[in-house]
Each structure stands twice: as C-alpha cells, then as structure tokens.
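S.K.: The file below is final.cif, mmCIF, C-alpha atoms:
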data_query
#
loop_
_atom_site.group_PDB
_atom_site.id
_atom_site.type_symbol
_atom_site.label_atom_id
_atom_site.label_comp_id
_atom_site.auth_asym_id
_atom_site.auth_seq_id
_atom_site.Cartn_x
_atom_site.Cartn_y
_atom_site.Cartn_z
ATOM 1 C CA MET A 1 10.412 -31.599 9.487
ATOM 2 C CA ASN A 2 9.265 -29.778 12.624
ATOM 3 C CA LEU A 3 6.217 -27.652 13.341
ATOM 4 C CA SER A 4 8.083 -24.350 12.999
ATOM 5 C CA PHE A 5 9.237 -25.325 9.494
ATOM 6 C CA ILE A 6 5.679 -26.218 8.465
ATOM 7 C CA LEU A 7 4.376 -22.916 9.858
ATOM 8 C CA PHE A 8 7.069 -20.997 7.984
ATOM 9 C CA PHE A 9 6.176 -22.832 4.763
ATOM 10 C CA PHE A 10 2.530 -21.797 5.093
ATOM 11 C CA VAL A 11 3.167 -18.139 5.938
ATOM 12 C CA LYS A 12 5.919 -17.814 3.319
ATOM 13 C CA GLY A 13 3.559 -19.318 0.762
ATOM 14 C CA LEU A 14 0.993 -16.668 1.653
ATOM 15 C CA GLU A 15 3.585 -13.934 1.136
ATOM 16 C CA ILE A 16 4.628 -15.330 -2.251
ATOM 17 C CA SER A 17 1.000 -15.856 -3.319
ATOM 18 C CA ALA A 18 -0.184 -12.369 -2.331
ATOM 19 C CA PRO A 19 1.158 -10.391 -5.339
ATOM 20 C CA ILE A 20 -0.508 -12.842 -7.725
ATOM 21 C CA ALA A 21 -3.730 -12.937 -5.713
ATOM 22 C CA PHE A 22 -4.187 -9.165 -5.469
ATOM 23 C CA ALA A 23 -3.658 -8.849 -9.227
ATOM 24 C CA ALA A 24 -6.074 -11.745 -9.842
ATOM 25 C CA LEU A 25 -8.683 -9.991 -7.711
ATOM 26 C CA GLY A 26 -8.203 -6.900 -9.839
ATOM 27 C CA ALA A 27 -8.615 -8.976 -12.991
ATOM 28 C CA VAL A 28 -11.925 -10.324 -11.671
ATOM 29 C CA PHE A 29 -13.366 -6.817 -11.304
ATOM 30 C CA SER A 30 -12.101 -5.720 -14.707
ATOM 31 C CA GLU A 31 -13.367 -8.759 -16.593
ATOM 32 C CA ARG A 32 -16.651 -8.881 -14.717
ATOM 33 C CA SER A 33 -17.260 -5.434 -16.161
ATOM 34 C CA GLY A 34 -16.479 -6.765 -19.644
ATOM 35 C CA VAL A 35 -12.894 -5.522 -20.105
ATOM 36 C CA ILE A 36 -9.985 -7.924 -20.541
ATOM 37 C CA ASN A 37 -6.971 -6.530 -18.715
ATOM 38 C CA ILE A 38 -3.768 -8.285 -19.709
ATOM 39 C CA ALA A 39 -1.980 -5.054 -18.764
ATOM 40 C CA LEU A 40 -1.740 -6.360 -15.180
ATOM 41 C CA GLU A 41 1.918 -7.241 -15.709
ATOM 42 C CA GLY A 42 2.749 -3.717 -16.843
ATOM 43 C CA ILE A 43 0.724 -2.118 -14.068
ATOM 44 C CA MET A 44 2.570 -4.249 -11.504
ATOM 45 C CA ILE A 45 5.897 -3.104 -12.963
ATOM 46 C CA VAL A 46 4.929 0.555 -12.567
ATOM 47 C CA THR A 47 3.461 0.161 -9.078
ATOM 48 C CA SER A 48 6.507 -1.825 -7.935
ATOM 49 C CA PHE A 49 8.742 1.058 -8.990
ATOM 50 C CA THR A 50 6.414 3.686 -7.569
ATOM 51 C CA ILE A 51 6.161 2.209 -4.069
ATOM 52 C CA VAL A 52 9.953 2.081 -3.748
ATOM 53 C CA TRP A 53 10.507 5.538 -5.231
ATOM 54 C CA ALA A 54 7.820 7.213 -3.104
ATOM 55 C CA ALA A 55 8.885 5.455 0.103
ATOM 56 C CA ILE A 56 12.481 6.603 -0.367
ATOM 57 C CA ALA A 57 11.502 10.130 -1.432
ATOM 58 C CA LEU A 58 8.880 10.681 1.288
ATOM 59 C CA HIS A 59 10.430 8.520 4.029
ATOM 60 C CA SER A 60 7.236 6.510 4.497
ATOM 61 C CA ILE A 61 6.208 3.137 3.150
ATOM 62 C CA TRP A 62 2.557 4.057 3.719
ATOM 63 C CA LEU A 63 2.866 7.079 1.434
ATOM 64 C CA GLY A 64 4.685 4.773 -0.960
ATOM 65 C CA LEU A 65 1.673 2.457 -0.917
ATOM 66 C CA LEU A 66 -0.685 5.373 -1.529
ATOM 67 C CA PHE A 67 1.362 6.530 -4.516
ATOM 68 C CA ALA A 68 1.522 2.963 -5.851
ATOM 69 C CA ILE A 69 -2.269 2.633 -5.699
ATOM 70 C CA VAL A 70 -2.671 5.977 -7.470
ATOM 71 C CA ALA A 71 -0.084 5.033 -10.111
ATOM 72 C CA GLY A 72 -1.792 1.688 -10.722
ATOM 73 C CA SER A 73 -5.148 3.427 -11.056
ATOM 74 C CA LEU A 74 -3.749 5.938 -13.553
ATOM 75 C CA ILE A 75 -2.149 3.272 -15.763
ATOM 76 C CA ALA A 76 -5.393 1.299 -15.622
ATOM 77 C CA LEU A 77 -7.247 4.494 -16.561
ATOM 78 C CA ILE A 78 -5.170 4.664 -19.754
ATOM 79 C CA HIS A 79 -6.292 1.134 -20.588
ATOM 80 C CA ALA A 80 -9.906 2.095 -19.857
ATOM 81 C CA VAL A 81 -9.791 5.206 -22.047
ATOM 82 C CA VAL A 82 -8.229 3.322 -24.951
ATOM 83 C CA SER A 83 -10.365 0.181 -24.763
ATOM 84 C CA VAL A 84 -13.696 1.483 -23.433
ATOM 85 C CA THR A 85 -13.981 4.986 -24.882
ATOM 86 C CA PHE A 86 -12.061 4.500 -28.131
ATOM 87 C CA ARG A 87 -12.917 0.772 -28.415
ATOM 88 C CA VAL A 88 -9.393 -0.278 -29.368
ATOM 89 C CA ASP A 89 -8.859 -4.040 -29.178
ATOM 90 C CA GLN A 90 -8.391 -4.769 -25.481
ATOM 91 C CA ILE A 91 -5.590 -7.286 -26.019
ATOM 92 C CA VAL A 92 -3.647 -4.817 -28.160
ATOM 93 C CA SER A 93 -4.110 -2.095 -25.552
ATOM 94 C CA GLY A 94 -2.916 -4.398 -22.764
ATOM 95 C CA VAL A 95 0.171 -5.513 -24.683
ATOM 96 C CA ALA A 96 1.024 -1.890 -25.518
ATOM 97 C CA ILE A 97 0.779 -0.914 -21.845
ATOM 98 C CA ASN A 98 2.990 -3.828 -20.818
ATOM 99 C CA ILE A 99 5.676 -2.692 -23.260
ATOM 100 C CA PHE A 100 5.242 0.945 -22.253
ATOM 101 C CA ALA A 101 5.540 0.078 -18.554
ATOM 102 C CA VAL A 102 8.920 -1.601 -19.001
ATOM 103 C CA GLY A 103 10.355 1.423 -20.783
ATOM 104 C CA LEU A 104 8.740 3.927 -18.425
ATOM 105 C CA SER A 105 10.025 2.293 -15.249
ATOM 106 C CA ARG A 106 13.561 1.918 -16.600
ATOM 107 C CA PHE A 107 13.552 5.524 -17.824
ATOM 108 C CA LEU A 108 12.332 6.865 -14.470
ATOM 109 C CA SER A 109 14.833 4.741 -12.562
ATOM 110 C CA GLN A 110 17.649 6.151 -14.678
ATOM 111 C CA LYS A 111 16.440 9.740 -14.236
ATOM 112 C CA VAL A 112 15.725 9.525 -10.509
ATOM 113 C CA PHE A 113 18.376 7.126 -9.231
ATOM 114 C CA GLY A 114 20.957 7.093 -12.025
ATOM 115 C CA GLN A 115 20.493 3.325 -12.436
ATOM 116 C CA GLU A 116 18.368 1.920 -15.236
ATOM 117 C CA THR A 117 17.792 -1.614 -14.019
ATOM 118 C CA GLN A 118 17.405 -1.212 -10.256
ATOM 119 C CA THR A 119 16.825 1.272 -7.477
ATOM 120 C CA PRO A 120 18.712 1.734 -4.213
ATOM 121 C CA THR A 121 17.508 -0.330 -1.266
ATOM 122 C CA ASN A 122 14.416 1.091 0.439
ATOM 123 C CA ALA A 123 14.821 1.224 4.219
ATOM 124 C CA TYR A 124 11.153 2.060 4.861
ATOM 125 C CA LEU A 125 9.264 -1.234 4.980
ATOM 126 C CA PHE A 126 5.971 -2.605 6.253
ATOM 127 C CA PRO A 127 5.976 -4.262 9.688
ATOM 128 C CA ARG A 128 6.740 -7.979 9.640
ATOM 129 C CA PHE A 129 4.600 -10.597 11.333
ATOM 130 C CA LEU A 130 5.592 -14.259 11.695
ATOM 131 C CA GLY A 131 8.652 -13.462 9.621
ATOM 132 C CA ILE A 132 6.832 -12.138 6.525
ATOM 133 C CA ASN A 133 5.490 -8.858 5.168
ATOM 134 C CA SER A 134 2.381 -8.108 7.231
ATOM 135 C CA MET A 135 0.568 -6.763 4.140
ATOM 136 C CA ALA A 136 0.229 -10.346 2.903
ATOM 137 C CA PHE A 137 -2.262 -11.039 5.704
ATOM 138 C CA LEU A 138 -4.604 -8.417 4.195
ATOM 139 C CA LEU A 139 -5.253 -10.807 1.336
ATOM 140 C CA ILE A 140 -7.895 -12.827 3.179
ATOM 141 C CA PRO A 141 -10.099 -9.912 4.336
ATOM 142 C CA ILE A 142 -9.737 -8.108 1.009
ATOM 143 C CA ALA A 143 -10.773 -11.265 -0.865
ATOM 144 C CA LEU A 144 -13.877 -11.513 1.314
ATOM 145 C CA ILE A 145 -14.613 -7.812 0.819
ATOM 146 C CA GLY A 146 -14.224 -8.308 -2.940
ATOM 147 C CA TRP A 147 -16.703 -11.196 -2.853
ATOM 148 C CA PHE A 148 -19.159 -9.125 -0.802
ATOM 149 C CA VAL A 149 -18.894 -6.103 -3.122
ATOM 150 C CA LEU A 150 -19.358 -8.209 -6.240
ATOM 151 C CA TYR A 151 -22.276 -10.336 -5.036
ATOM 152 C CA ARG A 152 -23.972 -8.426 -2.234
ATOM 153 C CA THR A 153 -23.970 -4.781 -3.302
ATOM 154 C CA VAL A 154 -25.842 -2.788 -5.935
ATOM 155 C CA PHE A 155 -22.524 -1.738 -7.469
ATOM 156 C CA GLY A 156 -21.463 -5.372 -7.833
ATOM 157 C CA LEU A 157 -24.769 -6.327 -9.431
ATOM 158 C CA ARG A 158 -24.477 -3.487 -11.915
ATOM 159 C CA LEU A 159 -20.857 -4.340 -12.681
ATOM 160 C CA ARG A 160 -21.778 -7.949 -13.425
ATOM 161 C CA THR A 161 -24.708 -6.813 -15.545
ATOM 162 C CA VAL A 162 -22.590 -4.680 -17.879
ATOM 163 C CA GLY A 163 -20.171 -7.605 -18.203
ATOM 164 C CA GLU A 164 -22.969 -9.970 -19.213
ATOM 165 C CA ASN A 165 -25.345 -7.799 -21.209
ATOM 166 C CA PRO A 166 -24.335 -4.143 -21.648
ATOM 167 C CA GLU A 167 -27.243 -3.454 -24.011
ATOM 168 C CA ALA A 168 -29.771 -4.481 -21.368
ATOM 169 C CA ALA A 169 -27.881 -2.525 -18.728
ATOM 170 C CA ASP A 170 -27.953 0.569 -20.934
ATOM 171 C CA THR A 171 -31.673 0.110 -21.466
ATOM 172 C CA LEU A 172 -32.124 0.085 -17.686
ATOM 173 C CA GLY A 173 -30.302 3.398 -17.449
ATOM 174 C CA LEU A 174 -26.967 2.099 -16.175
ATOM 175 C CA ASN A 175 -23.807 3.916 -17.202
ATOM 176 C CA VAL A 176 -22.010 1.125 -19.053
ATOM 177 C CA TYR A 177 -18.887 3.167 -19.726
ATOM 178 C CA GLY A 178 -18.676 4.449 -16.164
ATOM 179 C CA LEU A 179 -19.025 0.967 -14.658
ATOM 180 C CA ARG A 180 -16.404 -0.459 -17.008
ATOM 181 C CA TYR A 181 -14.070 2.375 -16.093
ATOM 182 C CA ALA A 182 -14.657 1.559 -12.425
ATOM 183 C CA GLY A 183 -13.878 -2.133 -12.917
ATOM 184 C CA VAL A 184 -10.619 -1.419 -14.747
ATOM 185 C CA ILE A 185 -9.488 1.243 -12.270
ATOM 186 C CA ILE A 186 -10.156 -1.118 -9.340
ATOM 187 C CA SER A 187 -7.885 -3.648 -11.033
ATOM 188 C CA GLY A 188 -5.128 -1.030 -11.210
ATOM 189 C CA ALA A 189 -5.556 -0.053 -7.573
ATOM 190 C CA LEU A 190 -5.291 -3.678 -6.466
ATOM 191 C CA CYS A 191 -2.025 -3.937 -8.400
ATOM 192 C CA GLY A 192 -0.755 -1.330 -5.941
ATOM 193 C CA LEU A 193 -1.338 -3.895 -3.204
ATOM 194 C CA SER A 194 0.483 -6.436 -5.360
ATOM 195 C CA ALA A 195 3.491 -4.124 -5.321
ATOM 196 C CA ALA A 196 3.241 -3.794 -1.540
ATOM 197 C CA THR A 197 3.614 -7.557 -1.158
ATOM 198 C CA LEU A 198 5.994 -8.283 -4.041
ATOM 199 C CA PHE A 199 9.330 -6.728 -3.074
ATOM 200 C CA PRO A 200 8.906 -3.256 -1.529
ATOM 201 C CA SER A 201 12.546 -3.093 -0.416
ATOM 202 C CA GLN A 202 13.889 -2.571 -3.967
ATOM 203 C CA TRP A 203 12.749 -2.308 -7.563
ATOM 204 C CA ILE A 204 14.644 -4.455 -10.071
ATOM 205 C CA SER A 205 13.872 -4.594 -13.768
ATOM 206 C CA GLY A 206 11.988 -7.794 -14.579
ATOM 207 C CA MET A 207 11.108 -8.457 -10.942
ATOM 208 C CA THR A 208 7.446 -9.196 -11.705
ATOM 209 C CA ALA A 209 8.602 -12.278 -13.672
ATOM 210 C CA GLY A 210 5.267 -12.896 -15.376
ATOM 211 C CA ARG A 211 3.154 -12.747 -12.211
ATOM 212 C CA GLY A 212 0.591 -10.559 -13.971
ATOM 213 C CA TYR A 213 0.005 -13.296 -16.528
ATOM 214 C CA ILE A 214 -0.161 -15.968 -13.845
ATOM 215 C CA ALA A 215 -2.774 -13.780 -12.118
ATOM 216 C CA LEU A 216 -4.887 -13.965 -15.288
ATOM 217 C CA ALA A 217 -4.524 -17.746 -15.278
ATOM 218 C CA ALA A 218 -5.585 -17.800 -11.622
ATOM 219 C CA MET A 219 -8.632 -15.682 -12.408
ATOM 220 C CA ILE A 220 -9.705 -18.095 -15.151
ATOM 221 C CA PHE A 221 -9.027 -21.127 -12.955
ATOM 222 C CA GLY A 222 -11.052 -19.409 -10.222
ATOM 223 C CA ARG A 223 -13.930 -18.948 -12.698
ATOM 224 C CA TRP A 224 -14.002 -15.141 -12.479
ATOM 225 C CA ASP A 225 -14.862 -15.312 -8.780
ATOM 226 C CA PRO A 226 -12.919 -13.326 -6.124
ATOM 227 C CA VAL A 227 -12.509 -16.197 -3.675
ATOM 228 C CA GLY A 228 -11.865 -18.703 -6.463
ATOM 229 C CA ALA A 229 -9.203 -16.440 -7.996
ATOM 230 C CA VAL A 230 -7.450 -16.088 -4.634
ATOM 231 C CA LEU A 231 -7.517 -19.841 -4.008
ATOM 232 C CA ALA A 232 -6.080 -20.455 -7.480
ATOM 233 C CA SER A 233 -3.385 -17.845 -6.776
ATOM 234 C CA LEU A 234 -2.503 -19.722 -3.595
ATOM 235 C CA LEU A 235 -2.047 -22.859 -5.677
ATOM 236 C CA PHE A 236 0.475 -21.106 -7.907
ATOM 237 C CA GLY A 237 2.083 -19.298 -4.990
ATOM 238 C CA TYR A 238 2.600 -22.419 -2.935
ATOM 239 C CA ALA A 239 3.985 -24.215 -5.988
ATOM 240 C CA ASP A 240 6.590 -21.452 -6.215
ATOM 241 C CA THR A 241 7.204 -21.644 -2.459
ATOM 242 C CA PHE A 242 7.816 -25.370 -2.747
ATOM 243 C CA ARG A 243 10.228 -24.690 -5.587
ATOM 244 C CA ILE A 244 12.174 -22.083 -3.590
ATOM 245 C CA MET A 245 12.389 -24.094 -0.372
ATOM 246 C CA PHE A 246 13.143 -27.491 -1.868
ATOM 247 C CA GLU A 247 14.959 -26.624 -5.093
ATOM 248 C CA THR A 248 18.365 -27.698 -3.792
ATOM 249 C CA LYS A 249 16.961 -30.962 -2.429
ATOM 250 C CA ILE A 250 15.314 -32.156 -5.646
ATOM 251 C CA PRO A 251 17.719 -34.302 -7.730
ATOM 252 C CA ILE A 252 16.997 -32.679 -11.089
ATOM 253 C CA PRO A 253 18.529 -29.583 -12.745
ATOM 254 C CA GLY A 254 17.422 -26.346 -11.063
ATOM 255 C CA GLN A 255 16.167 -24.867 -14.343
ATOM 256 C CA PHE A 256 13.463 -27.543 -14.528
ATOM 257 C CA VAL A 257 12.415 -26.891 -10.948
ATOM 258 C CA GLN A 258 12.182 -23.149 -11.664
ATOM 259 C CA MET A 259 9.836 -23.888 -14.569
ATOM 260 C CA PHE A 260 7.347 -25.667 -12.309
ATOM 261 C CA PRO A 261 4.987 -22.753 -11.429
ATOM 262 C CA TYR A 262 4.788 -21.674 -15.076
ATOM 263 C CA VAL A 263 4.243 -25.203 -16.360
ATOM 264 C CA LEU A 264 1.513 -25.571 -13.746
ATOM 265 C CA ALA A 265 -0.169 -22.418 -15.093
ATOM 266 C CA VAL A 266 -0.135 -23.817 -18.638
ATOM 267 C CA VAL A 267 -1.480 -27.200 -17.505
ATOM 268 C CA VAL A 268 -4.252 -25.581 -15.477
ATOM 269 C CA LEU A 269 -5.314 -23.351 -18.372
ATOM 270 C CA ALA A 270 -5.260 -26.282 -20.769
ATOM 271 C CA GLY A 271 -7.456 -28.249 -18.381
ATOM 272 C CA MET A 272 -9.916 -25.380 -18.120
ATOM 273 C CA VAL A 273 -10.490 -25.075 -21.870
ATOM 274 C CA GLY A 274 -14.199 -25.481 -22.527
ATOM 275 C CA LYS A 275 -15.065 -25.699 -18.822
ATOM 276 C CA ALA A 276 -14.805 -22.098 -17.616
ATOM 277 C CA ARG A 277 -17.250 -19.530 -18.950
ATOM 278 C CA ALA A 278 -16.205 -15.911 -19.099
ATOM 279 C CA PRO A 279 -18.769 -13.095 -18.731
ATOM 280 C CA ALA A 280 -20.757 -13.002 -21.958
ATOM 281 C CA ALA A 281 -19.591 -9.509 -22.980
ATOM 282 C CA ASP A 282 -15.996 -9.926 -21.785
ATOM 283 C CA GLY A 283 -13.616 -8.393 -24.300
ATOM 284 C CA LYS A 284 -16.409 -6.972 -26.462
ATOM 285 C CA PRO A 285 -16.383 -3.181 -26.953
ATOM 286 C CA TYR A 286 -19.724 -1.506 -26.420
ATOM 287 C CA GLU A 287 -21.032 1.425 -28.397
ATOM 288 C CA LYS A 288 -24.084 3.211 -27.087
ATOM 289 C CA GLY A 289 -27.011 2.869 -29.441
ATOM 290 C CA GLU A 290 -25.801 -0.357 -31.061
ATOM 291 C CA ASP A 291 -28.417 -2.996 -31.840
#
Can the structure from this file be put into structure tokens for me?

M.R.:
Amino acid sequence: MNLSFILFFFVKGLEISAPIAFAALGAVFSERSGVINIALEGIMIVTSFTIVWAAIALHSIWLGLLFAIVAGSLIALIHAVVSVTFRVDQIVSGVAINIFAVGLSRFLSQKVFGQETQTPTNAYLFPRFLGINSMAFLLIPIALIGWFVLYRTVFGLRLRTVGENPEAADTLGLNVYGLRYAGVIISGALCGLSAATLFPSQWISGMTAGRGYIALAAMIFGRWDPVGAVLASLLFGYADTFRIMFETKIPIPGQFVQMFPYVLAVVVLAGMVGKARAPAADGKPYEKGED
C-alpha cells in the first residue's frame, strides 16, 4: 500500500463524506432552532435533480448549484410553514416531504427528459482537484463558518435560545417563528451543497440511498454541534469509502459489506441513547402567548 493509495483513500473519503456532512450541518441549524427536519432525505432528492437539470438547461454547473440551493430552500420552506406556522407534527411533515420529493423528482424527470428514473449525463461539472470533486474541499471552511455563526454571532445566540426556551426568547422580543424559519431554510440551502458533492453528473432515482437519515444520525452523534456533526459524518463517509475500496478483497458476501455504513449508524445511535441531549424545545411546536 503506497503513499498515493493512502492519499487517494483520504481524499475520496472526503468526497463521499461531504453529502452527508453538508446535510448534517443543515440539520444542526434546524434542530438548534427547535425544528426536527427528517425531510433532509427528500430535500437532497430534489436538489440532486435540480442541479443536474439546471446545469444541462443553462450550460453551467454554477447556475445549477444556485438553482439547487434555491430549490432546497423552497422545499425546506414548505416544512417550515407546515411545522412552525401550522404546528403540524414535525415528523409527519418530514415524512410527507420525503414521499412527495420522490414523486416530484420522478415526475419532473419524465416531463423534462422523457425518462422517469434517470436523467441524461450532465457534461457541466465542477473542477476536480486531487482526483475528486473540488466542492468537497469546501466542507472544512463551511463547517468552521457554521460553528462561528452558531456560537459567535448574535444570530446564532438567538437561534439557540429559541431552540432551548422559545417562551423566554419571545419575552425578550425575539421573533421565534422567524428564527425557526431561518434555521429550517438554512438546512435546505445546505442540502443544495450536498447535491453538489453527491453526484452532479447525473440524477438517478434512489441515488441518495438514505444519506439524509445518516446525516441525522451524524448530527446526533455530533451532539448538535457543527464540527461534531461533520466529524461524525466523516466517520460514516470513511466507513463507506472503506467498503467501496476493499469490498472485493473482504472474504464475506458483498451484501454484508454494503450493509456496514448503515449498521454503523444504528450502532452509533444505540450507543448514544441517554447520552446526547437535544435542545430542550426541539420538536415542540410553539404558539405565541402559550403559558
């Protein structure tokens, strides 16, 4: 095993981890505001289709990224309206969006490209660096920016306050609804970056393969912290990288090897039961004027 192979393993692991990590970062902002967002999987499905469609239609991957971020924000806005304004159960809203996203993306693919389960290949791609999608390298600075925003800015303080005690925040004159909307919409926008690092050369039905749910597991394992969520995402991402690169060399059936990242997610969540503490108001609808 030479140095070039080790380097490739590390950079490829970063590329595979990035879609999970960007979504996990988004989950941190949403849940720190007090809104559970299990719609990450559905948002990733929509943004993955959007970036390919827009890049092909507009002949620019950068415009594709812009459209993906906007699409992710709009789908997240639906979740915010339903769960924050109308106080529908946040889990139910997230599941509904996940189901809706599958149908929407397949419908649009059929209407636009005449193929329900996949799009044509997108020739407009991000530059590559060290053999991987260069967008993956944005993960580190964006994670640090996320940490800074959450812990070193007034906005971050207010966002954490409405996630812990919305009644007190309301008493202090903070706009609880507005801050929760902001947290959810940020999560949708970051799913646009997930799409940019997932597979921007083509959309295929089912391509997210549960990464949105793994991102939630990473967020919990990372204790609702931006850097912790990214580090946990790297754990899952590198487990998948190991599976991809060594699957044929491991003397057990390939199906068991393919299960490894998902089994790891279950084991990690089971180990975190009772140890990780979510924001106090996470998942609890808030109605202005409640006691």

S.K.: Go through the shown structure with the PyMOL selection byres ((chain A and resi 159) around 9) and write out the matching residues as number ranges by chain.

M.R.: A: 29, 32-34, 150, 154-158, 160-164, 176, 179-180, 182-183

S.K.: Name the residues that the PyMOL selection byres ((chain A and resi 15-25) around 9) pulls out of this structure, and write them as JSON, numbers by chain.

M.R.: {"A": [10, 11, 12, 13, 14, 26, 27, 28, 29, 30, 40, 41, 44, 132, 133, 134, 135, 136, 137, 138, 139, 142, 143, 146, 187, 188, 190, 191, 192, 193, 194, 195, 196, 197, 198, 211, 212, 213, 214, 215, 216, 217, 218, 219, 224, 225, 226, 227, 229, 230, 231, 232, 233, 234, 235, 236, 237, 238, 240, 241]}

S.K.: Name the residues in contact with A:Thr119 at a cut-off of 9 Å, using only C-alpha atoms, excluding same-chain residues fewer than 5 positions from it; report them as a list in words.

M.R.: Phe49, Val52, Trp53, Ser109, Gln110, Val112, Phe113, Gly114, Gln202, Trp203 and Ile204 of chain A

S.K.: Between A:Gly178, A:Gly173, A:Pro200, A:Gly228, which is the closest to A:Pro120 once you count only C-alpha atoms?

M.R.: A:Pro200

S.K.: Could you give me, as a PyMOL selection string, the residues that have an atom at most 8 Å away from the point (7.6, 2.9, -13.6) in the coordinates of the file, using all atoms listed in the file?

M.R.: chain A and resi 45-50+101-109

S.K.: Between atom CA of A:Phe221 and atom CA of A:Leu269, what is the distance, to one decimal in Å?

M.R.: 6.9 Å

S.K.: Neighbours of stretch 80-93 of chain A within 9 Å (all atoms listed in the file; same-chain residues fewer than 4 positions away dropped), as a PyMOL selection string?

M.R.: chain A and resi 35-39+75-76+97-98+177+180-182+184-185+283-287

S.K.: Enter the distance from atom CA of A:Gly72 to atom CA of A:Gly206, in Å, rounded to one decimal.

M.R.: 17.2 Å

S.K.: Rounded to one decimal in Å, what is the spacing between atom CA of A:Ala54 and atom CA of A:Phe100?

M.R.: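 Between atom CA of A:Ala54 and atom CA of A:Phe100 the gap is 20.3 Å.
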